[in-house]
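**Student:** Mind having a look at this structure? Questions to follow.
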Amino acid sequence: VVRGLIADRTGTVAAVDAEAIGRASADLGAGRRRKGEQVDPAVGLVLRAKIGDRIARGEVVGQVHARDEASADAASAATLEALTLVEGEIERPDLIHAWIPA
């Protein structure tokens with residue numbers, strides 16, 4: 001199942017809970033919770049919305065790759081819940097904080 005990740009509300013992305021998204025991805029089978037568990041290379045999450053992006057309800061902000069509809073539903077809900085949206089604009093964080101000399 002490949003499905004668009006549809007924003008359920010409007011706002012500016014102020015924060016992303018990366019741990020929650022990692023758990024949602026692991027629940028799909030894209031990661032291990034314990035040593036020895038299998039990883040399913042056919043599943044995972046794509047999140048295109050970044051901090052500072054303005055998104056609108058109904059907008060596609062990513063994709064969910066899952067083995068079944070129920071897993072896709074759960075991953076979509078968890079991923080959207082991991083986004084903190086606010087009104088107005090916010091300053092985008094630097095993507096590169098510093099260069100470390102060789």
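Identifiers in this document derive from the order of the structure tokens: chains are assigned A, B, ..., residues are numbered from 1 separately in each chain, and ligands are numbered from 1 in order of occurrence.
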Could I get the residues of segment 40-65 of chain A with an atom no further than 8 Å from an atom of segment 19-25 of chain A, each paired with its nearest atom pair and that distance in Å to one decimal, using only C-alpha atoms, sorted by chain and residue number, as a tab-separated table?
**Tutor:**
```
residue	atom	partner	partner_atom	distance
A:Val43	CA	A:Ser25	CA	7.9
A:Gly44	CA	A:Ser25	CA	5.5
A:Leu45	CA	A:Ser25	CA	6.2
```
**Student:** Restricted to N, CA, C and O atoms, what would the selected residues look like written as a PDB file, in the first residue's frame?
**Tutor:**
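Printed below is part_1.pdb as written:
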```pdb
ATOM      1  N   VAL A  43       8.629  -1.108   3.218  1.00  0.00           N
ATOM      2  CA  VAL A  43       7.774  -0.202   3.989  1.00  0.00           C
ATOM      3  C   VAL A  43       8.580   0.971   4.525  1.00  0.00           C
ATOM      4  O   VAL A  43       9.799   0.910   4.617  1.00  0.00           O
ATOM      5  N   GLY A  44       7.873   2.054   4.873  1.00  0.00           N
ATOM      6  CA  GLY A  44       8.537   3.207   5.459  1.00  0.00           C
ATOM      7  C   GLY A  44       7.724   4.469   5.291  1.00  0.00           C
ATOM      8  O   GLY A  44       6.596   4.446   4.792  1.00  0.00           O
ATOM      9  N   LEU A  45       8.311   5.561   5.719  1.00  0.00           N
ATOM     10  CA  LEU A  45       7.653   6.865   5.685  1.00  0.00           C
ATOM     11  C   LEU A  45       8.519   7.870   4.940  1.00  0.00           C
ATOM     12  O   LEU A  45       9.744   7.854   5.066  1.00  0.00           O
TER      13      LEU A  45
END
```
**Student:** Might you pull out every residue within 8 Å of segment 1-8 of chain A, with only C-alpha atoms counted and same-chain residues fewer than 4 positions away left off, and present them as a list in words?
**Tutor:**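 Close residues of segment 1-8 of chain A: Leu47, Ile55, Ala56, Arg57, Gly58, Glu59, Val60, Val61, Gly62, Gln63, Val64, His65, Ala66, Arg67, Asp68, Glu69, Ala72, Ser76 and Leu80 of chain A.
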**Student:** Would you compute the distance between atom CA of Ala18 of chain A and atom CA of Gly88 of chain A? Give it in Å to one decimal.
**Tutor:** 22.5 Å
**Student:** Which residues in chain A does DSSP call strand (DSSP E)? List them as an MDAnalysis selection string.
**Tutor:** chainID A and resid 2:6 11:16 44:47 54:55 60:65 83:86
**Student:** Taking the backbone alone, and naming residues the way the document does, which bits of chain A are alpha helix (DSSP H) by DSSP, as a ChimeraX atom specification?
**Tutor:** /A:18-28,69-81
**Student:** Emit the selected residues as a compact mmCIF listing (two decimals), in the first residue's frame, including N, CA and C atoms.
**Tutor:**
```txt
# COMPACT_ATOMS: atom_id res chain seq x y z
N ALA A 18 10.80 13.49 16.00
CA ALA A 18 11.49 12.45 15.23
C ALA A 18 11.38 11.08 15.87
N GLU A 19 11.36 11.03 17.20
CA GLU A 19 11.23 9.73 17.88
C GLU A 19 9.88 9.09 17.57
N ALA A 20 8.82 9.89 17.57
CA ALA A 20 7.48 9.36 17.26
C ALA A 20 7.42 8.86 15.83
N ILE A 21 8.06 9.57 14.92
CA ILE A 21 8.07 9.13 13.53
C ILE A 21 8.89 7.85 13.39
N GLY A 22 9.98 7.75 14.14
CA GLY A 22 10.77 6.52 14.14
C GLY A 22 9.97 5.33 14.66
N ARG A 23 9.19 5.56 15.71
CA ARG A 23 8.34 4.47 16.23
C ARG A 23 7.29 4.06 15.21
N ALA A 24 6.69 5.04 14.54
CA ALA A 24 5.68 4.73 13.52
C ALA A 24 6.30 3.93 12.37
N SER A 25 7.51 4.30 12.01
CA SER A 25 8.23 3.58 10.95
C SER A 25 8.57 2.15 11.39
N ALA A 26 9.00 2.00 12.63
CA ALA A 26 9.31 0.67 13.16
C ALA A 26 8.05 -0.18 13.24
N ASP A 27 6.92 0.43 13.58
CA ASP A 27 5.66 -0.31 13.62
C ASP A 27 5.28 -0.84 12.25
N LEU A 28 5.68 -0.13 11.20
CA LEU A 28 5.43 -0.61 9.84
C LEU A 28 6.33 -1.80 9.50
N GLU A 69 -3.71 -1.80 4.68
CA GLU A 69 -4.42 -0.55 4.94
C GLU A 69 -4.38 -0.15 6.41
N ALA A 70 -4.57 -1.12 7.30
CA ALA A 70 -4.59 -0.81 8.73
C ALA A 70 -3.25 -0.24 9.18
N SER A 71 -2.16 -0.81 8.71
CA SER A 71 -0.82 -0.30 9.06
C SER A 71 -0.61 1.09 8.48
N ALA A 72 -1.09 1.30 7.27
CA ALA A 72 -0.97 2.63 6.64
C ALA A 72 -1.76 3.66 7.43
N ASP A 73 -2.97 3.30 7.87
CA ASP A 73 -3.79 4.21 8.68
C ASP A 73 -3.08 4.58 9.97
N ALA A 74 -2.54 3.59 10.68
CA ALA A 74 -1.87 3.83 11.96
C ALA A 74 -0.62 4.69 11.77
N ALA A 75 0.17 4.41 10.74
CA ALA A 75 1.38 5.18 10.49
C ALA A 75 1.05 6.61 10.09
N SER A 76 0.02 6.80 9.29
CA SER A 76 -0.40 8.15 8.90
C SER A 76 -0.80 8.96 10.11
N ALA A 77 -1.63 8.39 10.96
CA ALA A 77 -2.10 9.09 12.16
C ALA A 77 -0.94 9.44 13.08
N ALA A 78 -0.04 8.50 13.31
CA ALA A 78 1.10 8.73 14.20
C ALA A 78 2.04 9.80 13.64
N THR A 79 2.26 9.79 12.34
CA THR A 79 3.15 10.76 11.72
C THR A 79 2.56 12.16 11.79
N LEU A 80 1.28 12.29 11.49
CA LEU A 80 0.64 13.60 11.56
C LEU A 80 0.60 14.12 12.99
N GLU A 81 0.41 13.22 13.95
CA GLU A 81 0.40 13.60 15.37
C GLU A 81 1.78 14.10 15.81
```
